[in-house]
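Participant: Here's a structure for you.
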Amino acid sequence: MLKLSRYVLYDILRSKVVLAYTLFLFIVSFSLFQLEENDSKAILSLLTIVLIVVPLISMIFTTIHYYNSYEFIELMLSQPLSRTRILLSEYAGVALSLLSAFFIGIGIPVLFFAFDGTGLALLFTGGALTLVFISIAFLASVKARDKARGIGAALLLWFYFALIYDGLVLLILFAFSDYPMEKFTLLLSALNPIDLGRIFIMLKMDISALMGYTGALYKDFFGSGTGVFFTLGIMLLWITLPLLWAIRVFKRKDL
Amino acid sequence: MRLVITILLLLAITTAGARIIVTGKGQPVKTLKEAVALAKDGDTILLKNGIYKEGNILITRSVILLGESNTILDGDNKTELITISGRNITIKKIQFQNAGYSALNDFASIKVIDASNILLEQNTISNSYFAIHISNTSYCSIRNNKISGNPTSEQLTGNGIHLWKSSHALIENNYVSGHRDGIYFEFVTESTIRNNRSENNIRYGLHFMFSHSDHYINNTFKKNGAGVAVMYSKKVIMTGNHFEENWGPSAYGILLKEISDGTISNNTFLKNTVGIYMEGSSRMEIQKNAFKNNGWAMKVQASCDDNNIHHNNFNGNSFDIATNGTMMLNKFFNNYWDKYEGYDINKDGIGDVPYHPVSMYAMIVEQNPTTLILMRSFMVSILDKAEKAIPSLTPENLRDDKPMMKPNAL
């Protein structure tokens, strides 16, 4: 399996896309820290990148990579190797390359300029979101029959998690504004990894505002030990469940 | 000339007549009660080290009560300690502890009633219901005292420094913590609160009602249950104060309610849930303040009018301004907003496009606080951008026409 992952990794590195991604992240975060007069504003801009760009790139890259190495996967399937191992090696290769791109591109500037609670929360969220969206992308590409459909599904899923979901939440909160919705919104936040990551960072960044109104409830929950474990656990579920599902589909698929 | 000589002579006589009554174990006068009974106007009572449990002591003559390094008055959680009613009385360097609690009386460690020219200095007060309680008194100075309580609930603790119906008071360099309100003013006029530190109080760090023409300068109010409240007062001047980390659903750096003709300048608001909350305030001059990392820098309700908010710096606040209506009768100008995205073609340091400090999302949160969970989401920033292009929900005339490009020098 390690050997297989290594081949995948070599293949990815040869295409230079990951290198470009690393460089892009690095230049953007470095220049943000240089341009903005205070680091918290730079972190704010980085937050947008972590919540929007990182999931998008992870998804698109993974889907394209899957279809591009389709022939390689077919070749491997003719060998005495289990399908689970092949898909997991693909996952490990992609995850490793994208994670290292993220940690070099954003991690190093953050550690240099904003090494505090907010910075670390940002790095954790970015890493977790990378893994989550690679899993979801694998599921989308395994399920879809051809490349166009796969990329389309990936894009749609990204659009849903990044934008549509929040719109729906806003709609629900206004439709049921006469009812106590605090606990329910906690549940809603768990159903979207981007929201979960955003709240996790927000607790470090906007603590003063969150202490107002119902905010105190969110703070009590997410700020406590159980909240941190809750975030970790849900993120882990978001990583493993789509991947397991993808493996299940891949195993039964008529290739 | 004769009059002057007479006065000088009189002064000499009174000074010569002043005695020092040394009180304590092994001294001619054993108890404070005896000493107070013996003392005449102008005397000094020197209370030696030791613990005195003598119940309530009433002082009416002009004396100086002076403690040593370890002079302790203890109330055994039953009584009030010292009651003062007179003129020219000083209490200095005494440690008060365990004054009693009563649901009927406002027991205090030091109570001053119907007095003038009182000086309370360098005392330490711990575990009391009210610490210093002053009513109907003029010209009283409270300096360098250290006051701390063990709060359990809002009902079971009194105020740290409580003034009622007084004038010309000076409250300086005190430290107050763990009381209901750190410093409480009601019907107090022409007084000064300077260089005090009030923190971890259950309700307000400073509570101000019907108190006109007062100054508060260079104080620090930190981590109080509800921050600072200034209500129903006129001509209050607040300068150089620090309001920090007042967190909670109804905690404010300053709560202004029915305030008029005052000045709030050169203050720092750091990490409060709401920096300034204004309701029914008129003709206030709010200038040169720094608002940093607050939840809401200011909440200006539509009931405020004719306030000038200028030359302030807004940095890293989750929301700059929030309001509850579309009416806006206040002026905002020459403030620095870190969220401002305009340009300055003629390079005069003033942005060429007006800045609208109320975002669409701030209005949404005001209507439906639960939506706070969506803060900083992509959805919200799109909404804000759309609102900026075509304003519909945010008050059109709440804007800064001359936003600064660089932070103001404070």
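The way I read the labels, and the way they are meant: chains A, B, ... in the order of the structure tokens, residue 1 as the first residue of every chain, and ligand 1 as the first ligand shown, with later ones counted on from there.
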Dump as a tab-separated table the rows for residues of chain B within 12 Å of chain A: closest atom pair and distance in Å with one decimal, only C-alpha atoms counted, ordered by chain and rising residue number.

Facilitator:
residue	atom	partner	partner_atom	distance
B:Lys223	CA	A:Ser208	CA	11.7
B:Gly225	CA	A:Met211	CA	11.9
B:Ala226	CA	A:Gly212	CA	11.2
B:Glu244	CA	A:Ser208	CA	10.4
B:Glu245	CA	A:Ser208	CA	7.7
B:Asn246	CA	A:Ser208	CA	8.4
B:Trp247	CA	A:Met211	CA	5.9
B:Gly248	CA	A:Met211	CA	5.0
B:Pro249	CA	A:Gly212	CA	3.8
B:Ser250	CA	A:Gly212	CA	6.8
B:Ala251	CA	A:Gly212	CA	7.7
B:Tyr252	CA	A:Gly212	CA	9.8
B:Gly253	CA	A:Ser208	CA	11.3
B:Phe269	CA	A:Ser208	CA	11.6
B:Leu270	CA	A:Ser208	CA	9.3
B:Lys271	CA	A:Ser208	CA	5.7
B:Asn272	CA	A:Ser208	CA	5.7
B:Thr273	CA	A:Ser208	CA	4.6
B:Val274	CA	A:Ala209	CA	7.6
B:Gly275	CA	A:Ser208	CA	10.0
B:Lys292	CA	A:Ser208	CA	10.5
B:Asn293	CA	A:Ser208	CA	7.4
B:Asn294	CA	A:Ser208	CA	5.7
B:Gly295	CA	A:Ala209	CA	3.4
B:Trp296	CA	A:Ala209	CA	6.5
B:Ala297	CA	A:Ala209	CA	9.7
B:Met298	CA	A:Ala209	CA	11.7
B:Asn315	CA	A:Asn38	CA	9.2
B:Gly316	CA	A:Ser40	CA	7.2
B:Asn317	CA	A:Asp206	CA	8.1
B:Ser318	CA	A:Asp206	CA	6.1
B:Phe319	CA	A:Ala209	CA	8.1
B:Asp320	CA	A:Ala209	CA	11.0
B:Asp338	CA	A:Lys41	CA	8.6
B:Lys339	CA	A:Lys41	CA	9.2
B:Tyr361	CA	A:Leu170	CA	11.0
B:Ala362	CA	A:Ala209	CA	11.2
B:Ile364	CA	A:Phe174	CA	9.5
B:Val365	CA	A:Tyr213	CA	9.9
B:Glu366	CA	A:Tyr213	CA	10.0
B:Gln367	CA	A:Ser177	CA	9.3
B:Asn368	CA	A:Ser177	CA	6.8
B:Pro369	CA	A:Tyr213	CA	6.5
B:Thr370	CA	A:Thr214	CA	6.4
B:Thr371	CA	A:Leu170	CA	6.7
B:Leu372	CA	A:Gly215	CA	7.0
B:Ile373	CA	A:Ile199	CA	7.2
B:Leu374	CA	A:Asp166	CA	7.1
B:Met375	CA	A:Met202	CA	7.8
B:Arg376	CA	A:Arg198	CA	7.5
B:Ser377	CA	A:Arg198	CA	7.3
B:Phe378	CA	A:Leu163	CA	6.3
B:Met379	CA	A:Leu163	CA	5.6
B:Val380	CA	A:Asp166	CA	8.4
B:Ser381	CA	A:Thr48	CA	9.9
B:Ile382	CA	A:Leu163	CA	9.4
B:Leu383	CA	A:Gly167	CA	10.0
B:Lys406	CA	A:Glu37	CA	10.3
B:Pro407	CA	A:Glu37	CA	10.7

Participant: Residues near Ala99 of chain B, anyone? I mean within 7 Å using only C-alpha atoms, not counting same-chain ones fewer than 4 positions away, as a list of chain:residue names.

Facilitator: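 My list of contacting residues is B:Asp74, B:Gly75, B:Asp76, B:Asn77, B:Lys78, B:Thr79, B:Glu80, B:Leu81, B:Ala108, B:Ser109, B:Asn127, B:Ser128, B:Tyr129.
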
Participant: So which residues touch Asn117 of chain B within 6 Å, counting only C-alpha atoms, skipping near sequence neighbours fewer than 6 positions away, as a PyMOL selection string?

Facilitator: chain B and resi 87-88+139-140

Participant: Quick one: everything within 12 Å of segment 239-254 of chain A, counting only C-alpha atoms, minus sequence neighbours fewer than 3 positions away in the same chain. Send it as a PyMOL selection string.

Facilitator: chain A and resi 73-74+77+81-92+95+127-145+192-193+232-236

Participant: Could you check which of A:Gly197, A:Gly93, A:Phe26, A:Thr125 is closest to Leu2 of chain A, using only C-alpha atoms?

Facilitator: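 Of A:Gly197, A:Gly93, A:Phe26, A:Thr125, the one nearest Leu2 of chain A is A:Gly93, counting only C-alpha atoms.
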
Participant: If we count only C-alpha atoms and set the cut-off at 7 Å, which residues sit around Thr124 of chain B, ignoring sequence neighbours fewer than 4 positions away in its own chain? Please answer as a PyMOL selection string.

Facilitator: chain B and resi 94-96+145-147

Participant: Deliver the residues from the most recent selection as a file, using N, CA and C atoms, as a PDB file, in the first residue's frame.

Facilitator:
ATOM      1  N   ILE B  94      -6.580  51.951  58.029  1.00  0.00           N
ATOM      2  CA  ILE B  94      -7.215  50.947  58.874  1.00  0.00           C
ATOM      3  C   ILE B  94      -7.752  49.824  58.007  1.00  0.00           C
ATOM      4  N   GLN B  95      -7.656  48.597  58.510  1.00  0.00           N
ATOM      5  CA  GLN B  95      -8.200  47.466  57.763  1.00  0.00           C
ATOM      6  C   GLN B  95      -9.552  47.091  58.347  1.00  0.00           C
ATOM      7  N   PHE B  96     -10.553  47.089  57.484  1.00  0.00           N
ATOM      8  CA  PHE B  96     -11.901  46.735  57.929  1.00  0.00           C
ATOM      9  C   PHE B  96     -12.220  45.352  57.399  1.00  0.00           C
ATOM     10  N   ASN B 145      -7.829  53.608  48.610  1.00  0.00           N
ATOM     11  CA  ASN B 145      -8.380  52.505  49.385  1.00  0.00           C
ATOM     12  C   ASN B 145      -8.411  51.244  48.538  1.00  0.00           C
ATOM     13  N   LYS B 146      -8.353  50.123  49.218  1.00  0.00           N
ATOM     14  CA  LYS B 146      -8.415  48.845  48.508  1.00  0.00           C
ATOM     15  C   LYS B 146      -9.631  48.100  49.025  1.00  0.00           C
ATOM     16  N   ILE B 147     -10.560  47.844  48.133  1.00  0.00           N
ATOM     17  CA  ILE B 147     -11.830  47.274  48.556  1.00  0.00           C
ATOM     18  C   ILE B 147     -12.078  45.978  47.801  1.00  0.00           C
TER      19      ILE B 147
END

Participant: So that I can check the surroundings of segment 340-351 of chain B, please list as a compact mmCIF listing (two decimals) with N, CA and C atoms, in the first residue's frame every protein, DNA and RNA residue that reaches within 6 Å of it, counting only C-alpha atoms and ignoring chain neighbours fewer than 2 positions away.

Facilitator:
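Written output follows (result01.txt):
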# COMPACT_ATOMS: atom_id res chain seq x y z
N TRP B 337 -12.15 53.85 10.01
CA TRP B 337 -12.81 52.54 10.03
C TRP B 337 -11.90 51.54 9.34
N ASP B 338 -11.52 50.48 10.03
CA ASP B 338 -10.60 49.55 9.36
C ASP B 338 -11.27 48.78 8.23
N VAL B 353 -15.24 58.45 -0.85
CA VAL B 353 -16.60 57.89 -0.83
C VAL B 353 -17.03 57.74 0.62
N LYS B 402 -16.78 61.71 5.70
CA LYS B 402 -15.35 62.02 5.61
C LYS B 402 -14.53 60.99 6.38
N PRO B 403 -14.56 59.75 5.97
CA PRO B 403 -13.79 58.74 6.71
C PRO B 403 -12.28 58.97 6.52
N MET B 404 -11.52 58.72 7.55
CA MET B 404 -10.08 58.92 7.46
C MET B 404 -9.43 57.72 6.77
N MET B 405 -8.37 57.97 6.02
CA MET B 405 -7.66 56.88 5.37
C MET B 405 -6.69 56.21 6.35

Participant: Here is a test: counting only C-alpha atoms, which residue of B:Lys222, B:His179, B:Arg399, B:Lys331 is nearest to Glu199 of chain B?

Facilitator: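 Between B:Lys222, B:His179, B:Arg399, B:Lys331, the residue approaching Glu199 of chain B most closely is B:Lys222.
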
Participant: Go through B:Gly205, B:Gly160, B:Pro357, B:Pro28 one by one, measure the shortest atom-to-atom distance of each to Ile142 of chain B using only C-alpha atoms, and give the residue with the smallest value.

Facilitator: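 Ranking B:Gly205, B:Gly160, B:Pro357, B:Pro28 by distance to Ile142 of chain B, first place goes to B:Gly160.
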
Participant: Could you please write out, as a PyMOL selection string, every residue of segment 79-173 of chain B that DSSP assigns to strand (DSSP E or B)?

Facilitator: chain B and resi 82-84+87-92+95-97+108-121+124-126+130-143+146-148+161-167+170-172

Participant: For the residues selected in the previous step, produce a file with C-alpha atoms as a tab-separated table (two decimals), in the first residue's frame.

Facilitator:
chain	number	residue	atom	x	y	z
B	82	ILE	CA	-17.77	53.03	61.63
B	83	THR	CA	-20.48	55.63	61.23
B	84	ILE	CA	-19.39	59.18	60.60
B	87	ARG	CA	-17.08	67.76	59.79
B	88	ASN	CA	-13.35	67.43	59.16
B	89	ILE	CA	-13.00	63.75	59.96
B	90	THR	CA	-10.21	61.54	58.62
B	91	ILE	CA	-9.97	57.75	58.63
B	92	LYS	CA	-6.59	56.50	57.55
B	95	GLN	CA	-8.20	47.47	57.76
B	96	PHE	CA	-11.90	46.74	57.93
B	97	GLN	CA	-13.27	43.27	57.67
B	108	ALA	CA	-21.25	49.36	55.57
B	109	SER	CA	-17.67	49.23	56.75
B	110	ILE	CA	-17.57	53.01	56.73
B	111	LYS	CA	-20.80	54.92	56.59
B	112	VAL	CA	-20.78	58.69	56.23
B	113	ILE	CA	-24.02	60.50	56.69
B	114	ASP	CA	-24.81	64.24	56.83
B	115	ALA	CA	-21.17	65.25	56.88
B	116	SER	CA	-18.65	67.45	55.13
B	117	ASN	CA	-14.89	67.52	54.55
B	118	ILE	CA	-14.32	63.84	55.12
B	119	LEU	CA	-11.11	62.07	54.11
B	120	LEU	CA	-10.96	58.30	53.84
B	121	GLU	CA	-7.46	57.25	52.92
B	124	THR	CA	-8.34	48.20	53.24
B	125	ILE	CA	-11.85	46.83	53.28
B	126	SER	CA	-12.67	43.21	52.77
B	130	PHE	CA	-21.41	47.94	51.46
B	131	ALA	CA	-17.77	48.99	51.78
B	132	ILE	CA	-17.97	52.78	51.84
B	133	HIS	CA	-21.45	54.28	52.00
B	134	ILE	CA	-21.78	58.03	51.79
B	135	SER	CA	-24.95	60.05	51.86
B	136	ASN	CA	-25.80	63.72	52.05
B	137	THR	CA	-22.17	64.74	52.28
B	138	SER	CA	-20.13	67.42	50.59
B	139	TYR	CA	-16.40	67.68	50.00
B	140	CYS	CA	-15.42	64.14	50.81
B	141	SER	CA	-12.27	62.53	49.48
B	142	ILE	CA	-11.83	58.80	49.12
B	143	ARG	CA	-8.27	58.00	48.18
B	146	LYS	CA	-8.41	48.85	48.51
B	147	ILE	CA	-11.83	47.27	48.56
B	148	SER	CA	-12.65	43.67	47.82
B	161	ILE	CA	-18.08	52.94	47.00
B	162	HIS	CA	-21.63	54.20	47.27
B	163	LEU	CA	-22.48	57.89	47.12
B	164	TRP	CA	-25.96	59.29	47.44
B	165	LYS	CA	-26.99	62.94	47.34
B	166	SER	CA	-23.51	64.36	47.71
B	167	SER	CA	-21.46	66.99	46.00
B	170	LEU	CA	-13.14	63.18	44.95
B	171	ILE	CA	-12.62	59.47	44.41
B	172	GLU	CA	-9.06	58.72	43.51

Participant: Just how far from atom CA of Ser85 of chain B is atom CA of Tyr101 of chain B, in Å to one decimal?

Facilitator: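 The value is 21.1 Å.
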
Participant: To one decimal in Å, tell me the separation between atom CA of Arg194 of chain B and atom CA of Asn266 of chain B.

Facilitator: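 Result for atom CA of Arg194 of chain B versus atom CA of Asn266 of chain B: 14.3 Å, one decimal.
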
Participant: Counting only C-alpha atoms, which of A:Leu255, A:Leu122, A:Ala175, A:Ile60 gets nearest to Leu156 of chain A?

Facilitator: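 Selected residue with least distance to Leu156 of chain A: A:Ile60.
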